[in-house]
Every structure is written in structure tokens, then in C-alpha cells.
file model.csv (CSV, C-alpha atoms)
chain,number,residue,atom,x,y,z
A,22,MET,CA,243.4,187.5,-44.7
A,23,TYR,CA,247.1,187.0,-45.0
A,24,TRP,CA,249.9,187.7,-42.5
A,25,ALA,CA,253.3,188.4,-44.0
A,26,THR,CA,254.9,188.8,-40.6
A,27,THR,CA,253.6,189.0,-37.0
A,28,THR,CA,253.0,192.7,-37.5
A,29,THR,CA,252.3,193.1,-41.2
A,30,GLY,CA,249.0,191.7,-42.5
A,31,TYR,CA,246.5,192.2,-45.3
A,32,LEU,CA,242.8,191.6,-45.7
A,33,SER,CA,240.2,192.3,-48.4
A,34,ALA,CA,236.8,193.9,-48.1
A,35,GLN,CA,234.9,194.0,-51.5
A,36,ALA,CA,237.4,195.7,-53.9
A,37,THR,CA,239.7,197.2,-51.2
A,38,LEU,CA,242.9,195.6,-49.8
A,39,TYR,CA,243.7,196.8,-46.3
A,40,ARG,CA,247.1,196.7,-44.6
A,41,THR,CA,248.3,196.8,-41.1
A,42,THR,CA,251.9,197.2,-39.9
A,43,ASP,CA,251.3,197.2,-36.1
A,44,GLY,CA,249.9,193.7,-35.6
A,45,GLY,CA,246.3,194.5,-36.5
A,46,THR,CA,245.6,197.5,-34.2
A,47,ALA,CA,245.2,199.9,-37.1
A,48,TRP,CA,244.2,199.1,-40.7
A,49,ALA,CA,244.3,201.4,-43.7
A,50,ALA,CA,243.3,201.0,-47.3
A,51,TRP,CA,246.4,199.8,-49.3
A,52,TYR,CA,245.1,199.0,-52.8
A,53,HIS,CA,241.9,199.5,-54.7
A,54,ALA,CA,241.0,197.0,-57.3
A,55,SER,CA,238.5,197.5,-60.1
A,56,LYS,CA,236.5,194.4,-59.1
A,57,ASP,CA,235.9,192.6,-55.8
A,58,ILE,CA,238.9,190.8,-54.3
A,59,SER,CA,238.0,187.2,-53.7
A,60,THR,CA,241.1,186.0,-51.8
A,61,VAL,CA,244.5,187.1,-50.5
A,62,GLY,CA,247.8,185.3,-50.1
A,63,GLY,CA,251.6,185.7,-50.2
A,64,TRP,CA,255.1,184.5,-49.3
A,65,GLY,CA,257.0,186.5,-46.8
A,66,ALA,CA,256.9,190.3,-46.8
A,67,GLY,CA,258.0,190.9,-50.4
A,68,SER,CA,254.6,191.1,-52.0
A,69,VAL,CA,251.0,190.1,-51.5
A,70,TRP,CA,248.9,188.3,-54.1
A,71,ILE,CA,245.2,188.9,-54.7
A,72,ALA,CA,242.6,187.3,-57.0
A,73,THR,CA,240.3,189.9,-58.5
A,74,GLY,CA,238.2,189.7,-61.7
A,75,ARG,CA,239.9,187.4,-64.1
A,76,SER,CA,243.5,188.0,-62.8
A,77,LEU,CA,245.9,187.1,-60.1
A,78,LEU,CA,247.8,190.3,-59.1
A,79,ALA,CA,251.1,190.7,-57.1
A,80,ILE,CA,251.0,194.0,-55.1
A,81,GLY,CA,254.4,195.3,-54.1
A,82,GLY,CA,255.5,197.1,-51.0
A,83,THR,CA,254.4,200.5,-52.3
A,84,GLY,CA,250.9,199.4,-53.1
A,85,GLN,CA,251.4,199.1,-56.8
A,86,VAL,CA,250.7,196.1,-59.2
A,87,MET,CA,254.0,194.4,-59.8
A,88,ARG,CA,252.7,191.4,-61.8
A,89,SER,CA,249.5,190.3,-63.4
A,90,VAL,CA,248.7,186.6,-64.3
A,91,ALA,CA,245.4,185.6,-66.0
A,92,LEU,CA,243.4,183.0,-64.1
A,93,PRO,CA,243.5,179.5,-65.5
A,94,ALA,CA,239.7,179.2,-65.8
A,95,ALA,CA,236.5,181.0,-65.5
A,96,GLY,CA,234.8,180.9,-62.1
A,97,SER,CA,235.3,182.1,-58.6
A,98,VAL,CA,238.6,181.7,-56.7
A,99,GLU,CA,237.8,180.0,-53.4
A,100,GLN,CA,241.3,179.7,-52.0
A,101,LEU,CA,244.9,180.9,-52.7
A,102,VAL,CA,248.1,179.5,-51.3
A,103,VAL,CA,251.5,180.8,-52.2
A,104,SER,CA,253.5,177.8,-51.1
A,105,SER,CA,257.0,179.1,-52.0
A,106,PRO,CA,258.6,182.0,-53.9
A,107,THR,CA,258.3,179.9,-57.1
A,108,ALA,CA,254.9,178.2,-56.7
A,109,ALA,CA,251.3,179.1,-55.9
A,110,TYR,CA,248.0,177.1,-55.9
A,111,LEU,CA,244.4,178.2,-56.5
A,112,ARG,CA,241.2,176.3,-55.7
A,113,MET,CA,238.5,177.2,-58.2
A,114,ASP,CA,235.1,175.6,-58.5
A,115,GLY,CA,236.4,172.3,-56.9
A,116,HIS,CA,239.6,172.2,-58.9
A,117,ILE,CA,243.2,172.9,-57.9
A,118,TYR,CA,245.5,174.8,-60.3
A,119,GLY,CA,249.2,175.2,-59.8
A,120,LEU,CA,251.2,178.2,-60.9
A,121,ASP,CA,254.8,178.4,-61.9
A,122,VAL,CA,255.6,181.9,-60.7
A,123,ALA,CA,258.6,182.4,-63.0
A,124,THR,CA,256.8,181.5,-66.2
A,125,GLY,CA,253.2,182.4,-65.3
A,126,SER,CA,252.0,179.0,-66.6
A,127,TRP,CA,249.3,177.0,-64.9
A,128,HIS,CA,248.8,173.2,-64.6
A,129,ASN,CA,245.9,171.1,-63.3
A,130,ALA,CA,247.1,170.0,-59.8
A,131,SER,CA,244.0,168.1,-58.7
A,132,GLY,CA,243.8,165.6,-61.5
A,133,ALA,CA,240.8,163.2,-61.1
A,134,LEU,CA,240.3,163.9,-57.4
A,135,GLY,CA,236.8,165.1,-57.8
A,136,SER,CA,235.3,168.3,-56.3
A,137,VAL,CA,237.9,169.6,-53.8
A,138,ASN,CA,236.5,171.3,-50.7
A,139,ALA,CA,239.8,172.5,-49.2
A,140,MET,CA,243.6,172.3,-49.6
A,141,VAL,CA,246.8,173.1,-47.6
A,142,TRP,CA,250.3,173.3,-48.9
A,143,LEU,CA,253.4,173.0,-46.8
A,144,SER,CA,255.9,173.4,-49.6
A,145,SER,CA,255.8,173.8,-53.4
A,146,SER,CA,255.3,170.0,-53.7
A,147,GLU,CA,253.8,168.7,-50.5
A,148,GLY,CA,250.1,169.2,-49.6
A,149,TYR,CA,246.8,167.8,-48.6
A,150,ALA,CA,243.4,168.1,-50.3
A,151,ALA,CA,239.9,167.3,-48.9
A,152,VAL,CA,237.2,165.9,-51.1
A,153,GLY,CA,234.0,165.5,-49.1
A,154,PRO,CA,234.8,163.1,-46.2
A,155,THR,CA,238.2,162.0,-47.6
A,156,VAL,CA,241.7,163.4,-47.3
A,157,TRP,CA,244.4,163.0,-49.9
A,158,ARG,CA,248.1,163.7,-49.8
A,159,THR,CA,250.7,164.6,-52.5
A,160,SER,CA,254.4,165.0,-52.5
A,161,SER,CA,254.7,165.8,-56.2
A,162,GLY,CA,252.8,169.1,-56.5
A,163,GLY,CA,249.6,167.4,-57.4
A,164,GLN,CA,250.9,165.0,-60.1
A,165,VAL,CA,250.0,162.0,-57.9
A,166,TRP,CA,247.6,162.0,-55.0
A,167,ARG,CA,247.2,159.2,-52.4
A,168,LEU,CA,244.1,158.6,-50.2
A,169,VAL,CA,245.2,158.8,-46.6
A,170,PHE,CA,241.9,159.0,-44.7
A,171,SER,CA,238.2,158.2,-45.4
A,172,ALA,CA,236.1,159.5,-42.5
A,173,PRO,CA,233.6,157.0,-41.1
A,174,VAL,CA,230.5,159.2,-41.7
A,175,VAL,CA,227.1,158.1,-43.0
A,176,GLY,CA,225.4,159.6,-46.0
A,177,SER,CA,226.3,162.2,-48.6
A,178,GLY,CA,226.6,166.0,-48.7
A,179,TRP,CA,229.7,166.2,-46.4
A,180,ALA,CA,231.8,169.4,-46.8
A,181,SER,CA,235.3,169.6,-45.4
A,182,GLN,CA,238.0,172.0,-44.2
A,183,LEU,CA,241.7,171.6,-43.6
A,184,ALA,CA,244.4,173.3,-41.5
A,185,ALA,CA,247.9,172.1,-41.0
A,186,ASN,CA,250.9,172.8,-38.7
A,187,SER,CA,253.1,170.6,-40.8
A,188,MET,CA,252.9,167.4,-43.0
A,189,ASN,CA,252.8,165.5,-39.7
A,190,SER,CA,250.0,167.5,-38.1
A,191,VAL,CA,246.9,168.2,-40.1
A,192,TRP,CA,243.4,169.0,-38.9
A,193,PHE,CA,240.3,167.8,-40.9
A,194,LEU,CA,236.8,169.0,-40.3
A,195,ALA,CA,233.9,167.1,-42.0
A,196,SER,CA,230.5,168.8,-41.6
A,197,GLY,CA,227.0,169.2,-42.9
A,198,GLY,CA,226.2,165.6,-44.0
A,199,VAL,CA,223.5,165.6,-41.3
A,200,GLY,CA,221.8,168.5,-39.6
A,201,GLY,CA,218.6,170.2,-38.5
A,202,MET,CA,217.0,171.9,-35.6
A,203,SER,CA,219.7,174.6,-35.4
A,204,GLN,CA,222.4,171.9,-35.3
A,205,VAL,CA,224.9,170.8,-37.9
A,206,GLY,CA,226.7,167.5,-37.6
A,207,PHE,CA,230.5,167.6,-37.7
A,208,VAL,CA,233.6,165.8,-36.5
A,209,LEU,CA,237.1,167.2,-36.1
A,210,TRP,CA,240.0,164.8,-36.7
A,211,HIS,CA,243.7,165.2,-36.2
A,212,GLY,CA,246.1,163.4,-38.6
A,213,THR,CA,249.7,162.6,-37.7
A,214,ASP,CA,252.6,160.7,-39.2
A,215,GLU,CA,252.1,162.2,-42.7
A,216,GLY,CA,248.4,161.5,-42.5
A,217,THR,CA,248.6,157.8,-41.8
A,218,ARG,CA,247.1,158.1,-38.2
A,219,TRP,CA,243.9,159.8,-37.4
A,220,ALA,CA,242.2,160.6,-34.1
A,221,ALA,CA,238.7,162.1,-33.6
A,222,ILE,CA,239.0,165.1,-31.4
A,223,THR,CA,235.4,166.4,-31.0
A,224,ASP,CA,232.0,166.3,-32.7
A,225,GLU,CA,228.4,167.6,-32.6
A,226,ALA,CA,227.0,165.0,-30.2
A,227,TYR,CA,223.3,165.2,-31.1
A,228,TRP,CA,223.9,163.8,-34.6
A,229,ALA,CA,226.5,161.2,-33.6
A,230,PRO,CA,224.1,158.2,-33.7
A,231,THR,CA,223.0,158.9,-37.3
A,232,GLY,CA,225.9,160.7,-38.9
A,233,TYR,CA,229.0,159.0,-37.4
A,234,PRO,CA,227.9,156.2,-35.1
A,235,SER,CA,231.4,154.6,-34.8
A,236,VAL,CA,233.1,157.8,-33.8
A,237,HIS,CA,233.4,158.4,-30.0
A,238,PRO,CA,235.7,161.4,-29.3
A,239,ALA,CA,236.4,162.1,-25.6
A,240,LEU,CA,236.0,165.9,-26.0
A,241,SER,CA,232.6,167.4,-26.1
A,242,SER,CA,231.9,170.5,-28.2
A,243,THR,CA,229.5,173.4,-27.6
A,244,ILE,CA,229.5,174.2,-31.3
A,245,MET,CA,226.1,173.5,-32.8
A,246,LEU,CA,225.9,175.5,-36.0
A,247,GLN,CA,228.4,176.7,-38.6
A,248,PRO,CA,231.5,174.7,-37.5
A,249,GLY,CA,234.6,176.4,-38.8
A,250,PRO,CA,236.7,178.3,-39.8
A,251,MET,CA,239.9,176.8,-38.5
A,252,ALA,CA,243.5,178.1,-38.1
A,253,ALA,CA,246.6,176.1,-37.3
A,254,VAL,CA,249.4,177.8,-35.4
A,255,GLY,CA,252.9,176.6,-34.5
A,256,ALA,CA,253.8,173.0,-34.1
A,257,SER,CA,250.5,171.6,-32.8
A,258,THR,CA,248.0,174.3,-32.0
A,259,VAL,CA,244.6,174.6,-33.7
A,260,TYR,CA,241.7,177.0,-33.3
A,261,LEU,CA,238.1,176.1,-34.4
A,262,ALA,CA,235.4,178.7,-34.4
A,263,GLY,CA,231.6,178.0,-34.5
A,264,TRP,CA,228.2,179.1,-33.3
A,265,THR,CA,226.3,177.7,-30.4
A,266,ALA,CA,222.6,178.0,-31.0
A,267,SER,CA,221.5,177.4,-27.4
A,268,ARG,CA,219.6,179.9,-25.3
A,269,SER,CA,222.8,181.9,-24.8
A,270,SER,CA,223.6,181.9,-28.6
A,271,ARG,CA,227.0,183.2,-29.3
A,272,TRP,CA,230.3,182.5,-31.1
A,273,VAL,CA,232.8,180.2,-29.4
A,274,VAL,CA,236.4,179.2,-30.2
A,275,LEU,CA,237.8,175.7,-29.3
A,276,THR,CA,241.5,175.5,-29.0
A,277,ASN,CA,244.4,173.5,-27.5
A,278,ASN,CA,246.8,176.4,-27.4
A,279,SER,CA,247.4,176.0,-23.7
A,280,GLY,CA,248.3,172.3,-24.0
A,281,THR,CA,244.8,171.2,-23.0
A,282,TRP,CA,241.5,171.7,-24.8
A,283,ARG,CA,239.3,174.6,-23.8
A,284,THR,CA,236.4,176.6,-25.2
A,285,CYS,CA,236.5,180.4,-25.3
A,286,THR,CA,233.2,182.3,-25.5
A,287,ILE,CA,232.8,185.5,-27.4
A,288,PRO,CA,230.3,187.6,-25.4
A,289,ILE,CA,227.6,189.5,-27.3
A,290,THR,CA,227.5,193.0,-26.0
A,291,VAL,CA,226.4,196.4,-27.2
A,292,ALA,CA,229.9,196.9,-28.8
A,293,THR,CA,230.0,193.5,-30.5
A,294,PRO,CA,230.1,193.8,-34.3
A,295,GLN,CA,226.7,193.0,-35.9
A,296,PHE,CA,227.7,189.8,-37.7
A,297,PHE,CA,228.1,188.1,-34.4
A,298,VAL,CA,224.6,189.3,-33.3
A,299,GLN,CA,222.8,188.6,-36.6
A,300,GLN,CA,223.5,184.9,-36.3
A,301,ALA,CA,221.0,184.7,-33.4
A,302,ARG,CA,218.2,186.4,-35.3
A,303,GLY,CA,217.3,183.9,-38.0
A,304,SER,CA,218.8,181.6,-40.6
A,305,PHE,CA,221.5,184.0,-41.8
A,306,VAL,CA,224.9,182.2,-41.8
A,307,ALA,CA,227.9,184.6,-41.6
A,308,ARG,CA,230.9,184.1,-43.8
A,309,THR,CA,233.9,184.0,-41.5
A,310,ARG,CA,237.7,183.8,-41.6
A,311,LEU,CA,240.1,183.0,-38.8
A,312,ALA,CA,243.8,183.9,-38.7
A,313,PHE,CA,246.5,183.9,-36.1
A,314,THR,CA,249.9,185.6,-36.1
A,315,GLY,CA,251.1,183.4,-33.1
A,316,ARG,CA,249.6,181.2,-30.4
A,317,GLN,CA,248.0,184.2,-28.6
A,318,THR,CA,247.1,186.8,-31.2
A,319,GLY,CA,244.4,186.1,-33.6
A,320,PHE,CA,241.6,187.7,-35.7
A,321,LEU,CA,238.0,186.6,-36.6
A,322,LEU,CA,236.7,188.3,-39.7
A,323,GLY,CA,233.0,188.2,-40.6
A,324,GLU,CA,230.3,189.6,-42.8
A,325,SER,CA,226.8,190.6,-41.8
A,326,ALA,CA,223.5,189.9,-43.6
A,327,ARG,CA,223.9,193.4,-45.1
A,328,ALA,CA,227.4,192.6,-46.4
A,329,SER,CA,229.1,194.9,-43.9
A,330,GLY,CA,232.4,193.6,-42.5
A,331,ALA,CA,233.4,193.2,-38.9
A,332,LEU,CA,236.7,192.2,-37.2
A,333,LEU,CA,237.5,190.9,-33.7
A,334,LYS,CA,241.0,190.6,-32.2
A,335,THR,CA,242.3,188.5,-29.3
A,336,THR,CA,245.7,188.8,-27.7
A,337,ASP,CA,245.3,186.1,-25.1
A,338,GLY,CA,244.6,183.0,-27.1
A,339,GLY,CA,240.9,183.6,-27.4
A,340,SER,CA,239.8,184.4,-23.9
A,341,GLU,CA,238.9,188.0,-24.8
A,342,TRP,CA,237.9,189.5,-28.1
A,343,THR,CA,237.6,193.2,-29.0
A,344,PRO,CA,236.4,195.0,-32.1
A,345,VAL,CA,238.9,196.4,-34.5
A,346,ALA,CA,238.2,199.6,-36.6
A,347,PHE,CA,239.0,200.2,-40.2
A,348,ALA,CA,240.1,203.5,-41.9
A,349,ALA,CA,237.7,204.6,-44.6
A,350,PRO,CA,238.7,203.3,-48.1
call {"tool": "encode", "arguments": {"input": "model.csv", "output": "C-alpha cells"}}
result
Amino acid sequence: MYWATTTTGYLSAQATLYRTTDGGTAWAAWYHASKDISTVGGWGAGSVWIATGRSLLAIGGTGQVMRSVALPAAGSVEQLVVSSPTAAYLRMDGHIYGLDVATGSWHNASGALGSVNAMVWLSSSEGYAAVGPTVWRTSSGGQVWRLVFSAPVVGSGWASQLAANSMNSVWFLASGGVGGMSQVGFVLWHGTDEGTRWAAITDEAYWAPTGYPSVHPALSSTIMLQPGPMAAVGASTVYLAGWTASRSSRWVVLTNNSGTWRTCTIPITVATPQFFVQQARGSFVARTRLAFTGRQTGFLLGESARASGALLKTTDGGSEWTPVAFAAP
């Protein structure tokens, strides 16, 4: 999902690119690709970029292909960030590739970092990358990376996510290195001062003694399973979605958008899209995306076990969520 403005946004479902011009109330099919669209991104309202098949395509304002660039390698595109009108970055199979938009040429932007789990770019040259339980910073477009944080977690198998308000406010989620019994270990950290200072915000408390014994955040979390996705909004706001696998199993969203931390619960009702309900019926783990157009308006996108999509919208910072319908492709 990509928002060009607070009212114009795009999201993909299989091979169809949907577009809204009214802030997400109504969505209509905008472009049909020949293969599934793996990710969507852009810079401003001029065009939207999609990765599909072996190509990166720029779709113009009339829904037509304006530019096609061959992908730099074989494999799946996991993340696309158009960081400026002149530069874009792809994360593919653990590597970061940088694109010079003018020439269409790619370069290796992750060097010897290892398998990259997540990236955020604040400009064409400044960004962060997460490799397992570590965070790296670059100010040279990936030519040089500097380790800025190594999370005090125990064991291997840690995955990570990143979200950033600015170079001075970055959110780092390490998860999955420990888990079991419908609970997944995780810790959310906040990095400030260009990643030189880090504070633990919240964690999954059950796994604290074995997974991160030296971490003692003051904030408790109700998230027990599938921590993430995250979305950073404005100067300091973050949203973190996850699943609580207690007797009242449901999706929850943790946020500091009101200036203090609070947890918003997404009730499961007859009208709730099925991917929220399916999570409670077995081991299925929904693939989700979280995006906000401002501090109050946001969208949670998911996929059911039968690969059908569902979208929820909030206009009050997460307190209430309602289903959003799509026009037929």
C-alpha cells in the first residue's frame, strides 16, 4: 500500500492495482498487470511504481505504463522505497539494490551486511537497515554502513522490522527468536539521535527471562502472536499491530498517537473481514500491511487462509475500525 497524498492511495491485490482518491472510502481497479504485483511505492502524486514479474513499472496518472526497468536480480521483491524523484531502493532475498531513476541502472546498496530483514530510507542517501537483531545506518546511499544498535537478545532466528519518522526517530522490532504456546517473543525499541540512543518500549513478557533477560521496558503489551506490522506517522507517532491469543483472541494496535501509549482493540463481529477471524481458528498466520495517511486515519490490510483480501479503516487513531469494500477488478 502506498499513499501519494492524504486522499490518493494505491494498493495491490494479486495482479490488480487499486486506487482511491477520497482517502480510502472507495477503491477501484486502476491497472491490471500480467503477473502478480509484489509491492507498491512512489514519490508524490506524479506516478506510482510497482514490482511485477521481472520488472519495475512506473504507472502514470492515466493508469498507463510510463516506464519499465528490469529488476536487478532473480527472486521476489519484498520491499520497495522510492526515496526521492531520482532514487529508489528494492529489498530482494535479503539484499538491497539502489536504482538511479534517470539512467535505469542498479547498484548493490547493502554490501556485506548479510541478510537484510527490513529497510527505511529518509532521503536518497540516508537510511537504516535491519539484519536480524542489529540496526545499521548509512548516509551514503549504501556505500558505507555503520552498526548503530545490537539488540540484547539471546539465541538466533530473530527477524526484524523498521519504521521511521526521521533519521532521529526510528522504531525497531525484533521478534521470533523465541516462541511457543501461541506466544512469540519480541521487543520494540525506539532509536533517537541518529540511532545512537535506544530505549526499549514494550515486549512479550512471557519470553523475557529466556529471550531478552536484560531488557525491562515499563510498558506491557497484550500482543502475543504475530507482532507487526508497524507504521510511523508524523514526528514521533508509531502504530504496532499484532494478535493477542488469549481467550478473547483478536487483533490489537499499540500506539502513542495521543502522546501516551495505549492499546486499541479490533472487535471480532459478524461484519469483521475473515482474515481477522481466521487467526483464532488454528495456526494460520495472516500477512498484513499497516499504513496511515495522518495521525488519525489508517488502514490495516490482510489476507485470509484462502488468499482473499480484507481491509479495515480507522479515522480516530485506532479506536474504531470498519471494513472497506473494493470495486470488482
call {"tool": "atom_distance", "arguments": {"input": "model.csv", "atom1": "CA of Gln317 (chain A)", "atom2": "CA of Asp214 (chain A)"}}
result
26.2 Å
call {"tool": "closest_residue", "arguments": {"input": "model.csv", "among": "A:Arg167, A:His128, A:Arg283, A:Arg271", "to": "His116 (chain A)", "atoms": "all atoms listed in the file"}}
result
A:His128
call {"tool": "residues_near_point", "arguments": {"input": "model.csv", "point": "(240.8, 194.0, -59.7)", "cutoff": "7 Å", "atoms": "only C-alpha atoms", "output": "VMD selection string"}}
result
chain A and resid 36 54 to 58 73 to 74
call {"tool": "residues_around", "arguments": {"input": "model.csv", "residues": "Met140 (chain A)", "least_positions_apart": "5", "cutoff": "9 Å", "atoms": "all atoms listed in the file", "output": "CSV table (one decimal) with C-alpha atoms, in the frame of the given file"}}
result
chain,number,residue,atom,x,y,z
A,100,GLN,CA,241.3,179.7,-52.0
A,102,VAL,CA,248.1,179.5,-51.3
A,112,ARG,CA,241.2,176.3,-55.7
A,117,ILE,CA,243.2,172.9,-57.9
A,148,GLY,CA,250.1,169.2,-49.6
A,149,TYR,CA,246.8,167.8,-48.6
A,150,ALA,CA,243.4,168.1,-50.3
A,151,ALA,CA,239.9,167.3,-48.9
A,182,GLN,CA,238.0,172.0,-44.2
A,183,LEU,CA,241.7,171.6,-43.6
A,184,ALA,CA,244.4,173.3,-41.5
call {"tool": "residues_around", "arguments": {"input": "model.csv", "residues": "region 255-262 of chain A", "least_positions_apart": "3", "cutoff": "6 Å", "atoms": "only C-alpha atoms", "output": "short mmCIF file (atom, residue, chain, number, x, y, z; two decimals) with C-alpha atoms, keeping the file's coordinate frame"}}
result
data_model
loop_
_atom_site.label_atom_id
_atom_site.label_comp_id
_atom_site.auth_asym_id
_atom_site.auth_seq_id
_atom_site.Cartn_x
_atom_site.Cartn_y
_atom_site.Cartn_z
CA ASN A 186 250.90 172.80 -38.70
CA GLY A 249 234.60 176.40 -38.80
CA PRO A 250 236.70 178.30 -39.80
CA MET A 251 239.90 176.80 -38.50
CA ALA A 252 243.50 178.10 -38.10
CA VAL A 273 232.80 180.20 -29.40
CA VAL A 274 236.40 179.20 -30.20
CA LEU A 275 237.80 175.70 -29.30
CA THR A 276 241.50 175.50 -29.00
CA ASN A 277 244.40 173.50 -27.50
CA ASN A 278 246.80 176.40 -27.40
#
call {"tool": "closest_residue", "arguments": {"input": "model.csv", "among": "A:Trp142, A:Gly30, A:Gly65, A:Gly132", "to": "Ala50 (chain A)", "atoms": "only C-alpha atoms"}}
result
A:Gly30
call {"tool": "atom_distance", "arguments": {"input": "model.csv", "atom1": "CA of Ala95 (chain A)", "atom2": "CA of Ser160 (chain A)"}}
result
27.3 Å
call {"tool": "closest_residue", "arguments": {"input": "model.csv", "among": "A:Val205, A:Ala312, A:Leu38, A:Ile244", "to": "Gln85 (chain A)", "atoms": "all atoms listed in the file"}}
result
A:Leu38
call {"tool": "closest_residue", "arguments": {"input": "model.csv", "among": "A:Tyr39, A:Ser241, A:Tyr227, A:Val175", "to": "Met202 (chain A)", "atoms": "all atoms listed in the file"}}
result
A:Tyr227
call {"tool": "closest_residue", "arguments": {"input": "model.csv", "among": "A:Ser33, A:Ser145, A:Ser59, A:Thr28", "to": "Ala47 (chain A)", "atoms": "only C-alpha atoms"}}
result
A:Thr28
call {"tool": "atom_distance", "arguments": {"input": "model.csv", "atom1": "CA of Tyr233 (chain A)", "atom2": "CA of Val174 (chain A)"}}
result
4.6 Å
call {"tool": "closest_residue", "arguments": {"input": "model.csv", "among": "A:Thr265, A:Thr159, A:Ser181, A:Ser187", "to": "Glu225 (chain A)", "atoms": "all atoms listed in the file"}}
result
A:Thr265
